[in-house]
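Colleague: First the structure, then my questions, so here it is.
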There are 2 protein chains.
Amino acid sequence: MAESTSSNDSCPPAGTSGAAALPAAAGGGPISHAIFRVARTHRMIAGHLLRRVGLHPGQELVMMQLWELGPQRQIDLVRLLDSDAATMTRTVRRLEHAGFVRRSPCADDKRASRIEATAASQALRKEVEQLWRQLEDATVGDTTDDEQAAALRTLEDIERRLTDAAARLGS
Amino acid sequence: MAESTSSNDSCPPAGTSGAAALPAAAGGGPISHAIFRVARTHRMIAGHLLRRVGLHPGQELVMMQLWELGPQRQIDLVRLLDSDAATMTRTVRRLEHAGFVRRSPCADDKRASRIEATAASQALRKEVEQLWRQLEDATVGDTTDDEQAAALRTLEDIERRLTDAAARLGS
DNA sequence: CCGGATTACCTGTCCGAACAGTAAAAGGTC
DNA sequence: GACCTTTTACTGTTCGGACAGGTAATCCGG
């Protein structure tokens with residue numbers, strides 16, 4: 001152990017060379033810890049690739065929905081992405097300011113507005129699709145299809161358990 | 001397909017009931033997509049549990065390092081958690097303001113300061129440890145040890161590939 | 001000793017995410 | 001029609017994360 005207070009007056013810790021990310025917390029919750037690190041690196045790579053095409057993480061998901069499903073209201077995007085209305089308001093505004101999205105008033109419902117991908121955004125589409133392929137390649141590497149299927153099954157099992165647990169949290 | 005522009009004047013999309021999170025993007029990059037959803041739910045549950053003990057996601061990692069390794073400089077915490085110096089500055093300041101952390105000037109190096117967990121924070125420690133157990137329980141559910149070991153291996157394989165890919169990005 | 005690099009910390013900015021609250025519009029009931 | 005609830009979008013705030021800079025202290029080569 002050798003922790004507690006005032007036994008060590010010098011600032012630089014003795015040994016403890018920076019090895020892994022969370023050596024201390026690794027003891028409790030190894031799977032949670034692994035999920036955390038995988039998600040962290042995965043997100044970092046995605047952000048790196050997105051930066052090249054001028055998007056921030058999360059914005060590409062909105063664009064993909066608009067590209068594939070056509071114009072949507074904000075609330076539709078929120079539900080499709082399981083996101084937040086406040087976040088969507090700002091994300092759409094930034095995408096609009098960047099010229100990737102256009103808003104038009106909704107005739108049926110004066111509260112809502114139609115969010116539409118602009119023609120200028122179509123140039124992004126191929127880049128984003130290639131970006132996702134790159135990300136998937138980095139994730140699966142040269143594993144076989146069977147291994148990929150097994151990994152996907154593992155992740156989906158974890159997801160199901162987490163979703164159930166999240167539902168239990170609300171109750 | 002039936003996408004493109006101006007073919008549909010009504011705002012509410014016809015069918016498209018909100019089923020999964022990303023039905024559109026699921027085609028390309030199923031593993032990446034699964035990682036994204038698992039991480040999302042995992043983080044949401046962690047945030048929910050942390051909120052009960054008065055911490056924000058990320059702060060508990062700093063506290064765990066201080067509890068387990070004793071006083072550290074900010075740069076040590078940054079390296080241990082593979083974090084950012086700017087983020088650490090603000091996180092430590094908020095933890096200090098919350099009374100969970102104390103800073104004392106470092107004698108050896110006038111640039112650095114000693115970050116130390118306060119006695120008041122010790123009450124949090126047990127709660128945080130229990131919280132991590134809850135999170136791990138929610139993640140693994142009632143799976144066998146063998147299944148957990150296999151899942152951990154799968155995650156570590158993915159992590160290794162992602163880490164390698166991230167290293168390739170820098171070059 | 002001196003001067004240039006490096007280190008440790010801080011600030012400002014911008015982003016997504018989460019939560020709380022507001023206002024306007026729409027839907028339903030009496 | 002009047003009344004109440006729900007829906008939709010917005011704003012404000014706070015947090016972590018990332019990036020670009022800026023300062024003071026430290027270190028190292030000459």
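In the structure tokens, the first chain shown is A, the next is B, and so on; residue numbers restart at 1 for each chain, and ligands run from 1 in the order shown.
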Fewer than 6 positions away in the same chain doesn't count, so skip those; otherwise give me all residues within 9 Å of DC15 in chain C, counting only C-alpha atoms (C1' of nucleotides), as a list in words.

Modeller: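 Using only C-alpha atoms (C1' of nucleotides), the neighbours found are His56 and Pro57 of chain A; DG17 and DA18 of chain D.
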
Colleague: May I have the residues within 8 Å of range 3-15 of chain D as JSON, numbers by chain, using only C-alpha atoms (C1' of nucleotides) and disregarding those fewer than 4 positions away in the same chain?

Modeller: {"A": [75, 85, 86, 89, 111, 112], "B": [56], "C": [22, 26, 27]}

Colleague: Atoms to include: N, CA and C atoms (P, O5', C5', C4', C3', O3' and C1' of nucleotides). Write the selected residues as a tab-separated table (two decimals), in the first residue's frame.

Modeller:
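After the write, out_33.tsv holds the following:
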```
chain	number	residue	atom	x	y	z
A	75	ILE	N	-36.45	16.96	-34.07
A	75	ILE	CA	-36.88	15.92	-33.13
A	75	ILE	C	-36.72	14.53	-33.73
A	85	ALA	N	-32.13	17.16	-27.39
A	85	ALA	CA	-32.71	18.25	-28.18
A	85	ALA	C	-31.81	19.49	-28.15
A	86	ALA	N	-31.24	19.76	-27.00
A	86	ALA	CA	-30.39	20.95	-26.89
A	86	ALA	C	-29.13	20.79	-27.72
A	89	THR	N	-30.00	21.19	-31.41
A	89	THR	CA	-30.18	22.59	-31.80
A	89	THR	C	-28.85	23.23	-32.17
A	111	ARG	N	-44.03	24.98	-35.29
A	111	ARG	CA	-42.96	24.84	-34.29
A	111	ARG	C	-41.71	24.25	-34.93
A	112	ALA	N	-41.93	23.36	-35.88
A	112	ALA	CA	-40.82	22.58	-36.42
A	112	ALA	C	-40.21	23.22	-37.66
B	56	HIS	N	-18.49	14.14	-11.28
B	56	HIS	CA	-18.74	14.12	-12.72
B	56	HIS	C	-17.83	13.08	-13.35
C	22	DT	P	-38.89	28.79	-15.90
C	22	DT	O5'	-38.94	29.24	-17.42
C	22	DT	C5'	-37.93	30.09	-17.94
C	22	DT	C4'	-38.14	30.29	-19.43
C	22	DT	C3'	-39.59	30.62	-19.80
C	22	DT	O3'	-39.66	31.91	-20.38
C	22	DT	C1'	-38.67	28.93	-21.21
C	26	DA	P	-49.20	25.36	-35.20
C	26	DA	O5'	-49.65	24.03	-34.44
C	26	DA	C5'	-48.71	22.99	-34.30
C	26	DA	C4'	-49.26	21.90	-33.40
C	26	DA	C3'	-50.68	21.44	-33.77
C	26	DA	O3'	-50.66	20.06	-34.03
C	26	DA	C1'	-50.48	21.88	-31.43
C	27	DG	P	-52.00	19.33	-34.54
C	27	DG	O5'	-52.57	18.59	-33.24
C	27	DG	C5'	-51.71	17.77	-32.47
C	27	DG	C4'	-52.41	17.30	-31.23
C	27	DG	C3'	-53.86	16.84	-31.44
C	27	DG	O3'	-54.06	15.57	-30.83
C	27	DG	C1'	-53.76	18.47	-29.71
```

Colleague: For chain A against chain B, with a cut-off of 6 Å and counting only C-alpha atoms, what is the closest atom pair and its distance in Å to one decimal for every residue that makes the cut, ordered by chain and number, as a Markdown table?

Modeller:
```
| residue | atom | partner | partner_atom | distance |
| --- | --- | --- | --- | --- |
| A:Glu3 | CA | B:Gly70 | CA | 5.0 |
| A:Gly18 | CA | B:Leu80 | CA | 5.9 |
| A:Ala21 | CA | B:Leu81 | CA | 5.3 |
| A:Gly29 | CA | B:Glu136 | CA | 5.2 |
| A:Ile31 | CA | B:Leu152 | CA | 5.8 |
| A:Ser32 | CA | B:Glu136 | CA | 5.8 |
| A:Val38 | CA | B:Glu159 | CA | 5.1 |
| A:Ala39 | CA | B:Ala39 | CA | 5.7 |
| A:Gly70 | CA | B:Glu3 | CA | 5.0 |
| A:Leu80 | CA | B:Gly18 | CA | 5.8 |
| A:Leu81 | CA | B:Ala21 | CA | 5.2 |
| A:Asp82 | CA | B:Ala21 | CA | 5.8 |
| A:Glu136 | CA | B:Gly29 | CA | 5.2 |
| A:Ala138 | CA | B:Ala165 | CA | 5.7 |
| A:Thr139 | CA | B:Leu162 | CA | 5.7 |
| A:Leu152 | CA | B:Ile31 | CA | 5.8 |
| A:Ile158 | CA | B:Thr139 | CA | 5.9 |
| A:Glu159 | CA | B:Val38 | CA | 5.1 |
| A:Leu162 | CA | B:Thr139 | CA | 5.7 |
| A:Ala165 | CA | B:Ala138 | CA | 5.7 |
```

Colleague: Between CA of Ala98 in chain B and CA of Gly58 in chain B, what is the distance, to one decimal in Å?

Modeller: 14.6 Å

Colleague: Could the residues of chain C within 9 Å of chain A, counting only C-alpha atoms (C1' of nucleotides), be given as a PyMOL selection string, please?

Modeller: chain C and resi 15-18+24-26

Colleague: Let's see if you can do this: from backbone DSSP, list all strand (DSSP E) residues in range 71-151 of chain B, as a ChimeraX atom specification.

Modeller: /B:101-105,113-117

Colleague: How about saving the chosen residues, N, CA and C atoms kept, as an mmCIF file, in the first residue's frame?

Modeller:
```cif
data_model
loop_
_atom_site.group_PDB
_atom_site.id
_atom_site.type_symbol
_atom_site.label_atom_id
_atom_site.label_comp_id
_atom_site.auth_asym_id
_atom_site.auth_seq_id
_atom_site.Cartn_x
_atom_site.Cartn_y
_atom_site.Cartn_z
ATOM 1 N N VAL B 101 -9.934 17.515 -2.648
ATOM 2 C CA VAL B 101 -8.521 17.551 -3.012
ATOM 3 C C VAL B 101 -7.877 18.792 -2.419
ATOM 4 N N ARG B 102 -6.620 18.683 -2.087
ATOM 5 C CA ARG B 102 -5.896 19.826 -1.537
ATOM 6 C C ARG B 102 -4.615 20.015 -2.339
ATOM 7 N N ARG B 103 -4.212 21.262 -2.510
ATOM 8 C CA ARG B 103 -2.975 21.530 -3.238
ATOM 9 C C ARG B 103 -1.982 22.168 -2.285
ATOM 10 N N SER B 104 -0.748 21.710 -2.360
ATOM 11 C CA SER B 104 0.306 22.359 -1.583
ATOM 12 C C SER B 104 1.484 22.608 -2.509
ATOM 13 N N PRO B 105 2.168 23.717 -2.309
ATOM 14 C CA PRO B 105 3.307 24.022 -3.181
ATOM 15 C C PRO B 105 4.374 22.944 -3.066
ATOM 16 N N SER B 113 2.790 21.602 -8.190
ATOM 17 C CA SER B 113 2.102 21.583 -6.901
ATOM 18 C C SER B 113 1.690 20.154 -6.590
ATOM 19 N N ARG B 114 1.595 19.876 -5.304
ATOM 20 C CA ARG B 114 1.242 18.542 -4.838
ATOM 21 C C ARG B 114 -0.267 18.436 -4.724
ATOM 22 N N ILE B 115 -0.871 17.490 -5.426
ATOM 23 C CA ILE B 115 -2.305 17.263 -5.313
ATOM 24 C C ILE B 115 -2.519 16.085 -4.377
ATOM 25 N N GLU B 116 -3.384 16.293 -3.393
ATOM 26 C CA GLU B 116 -3.552 15.299 -2.345
ATOM 27 C C GLU B 116 -5.038 15.121 -2.053
ATOM 28 N N ALA B 117 -5.454 13.891 -1.873
ATOM 29 C CA ALA B 117 -6.849 13.620 -1.499
ATOM 30 C C ALA B 117 -7.063 14.032 -0.053
#
```
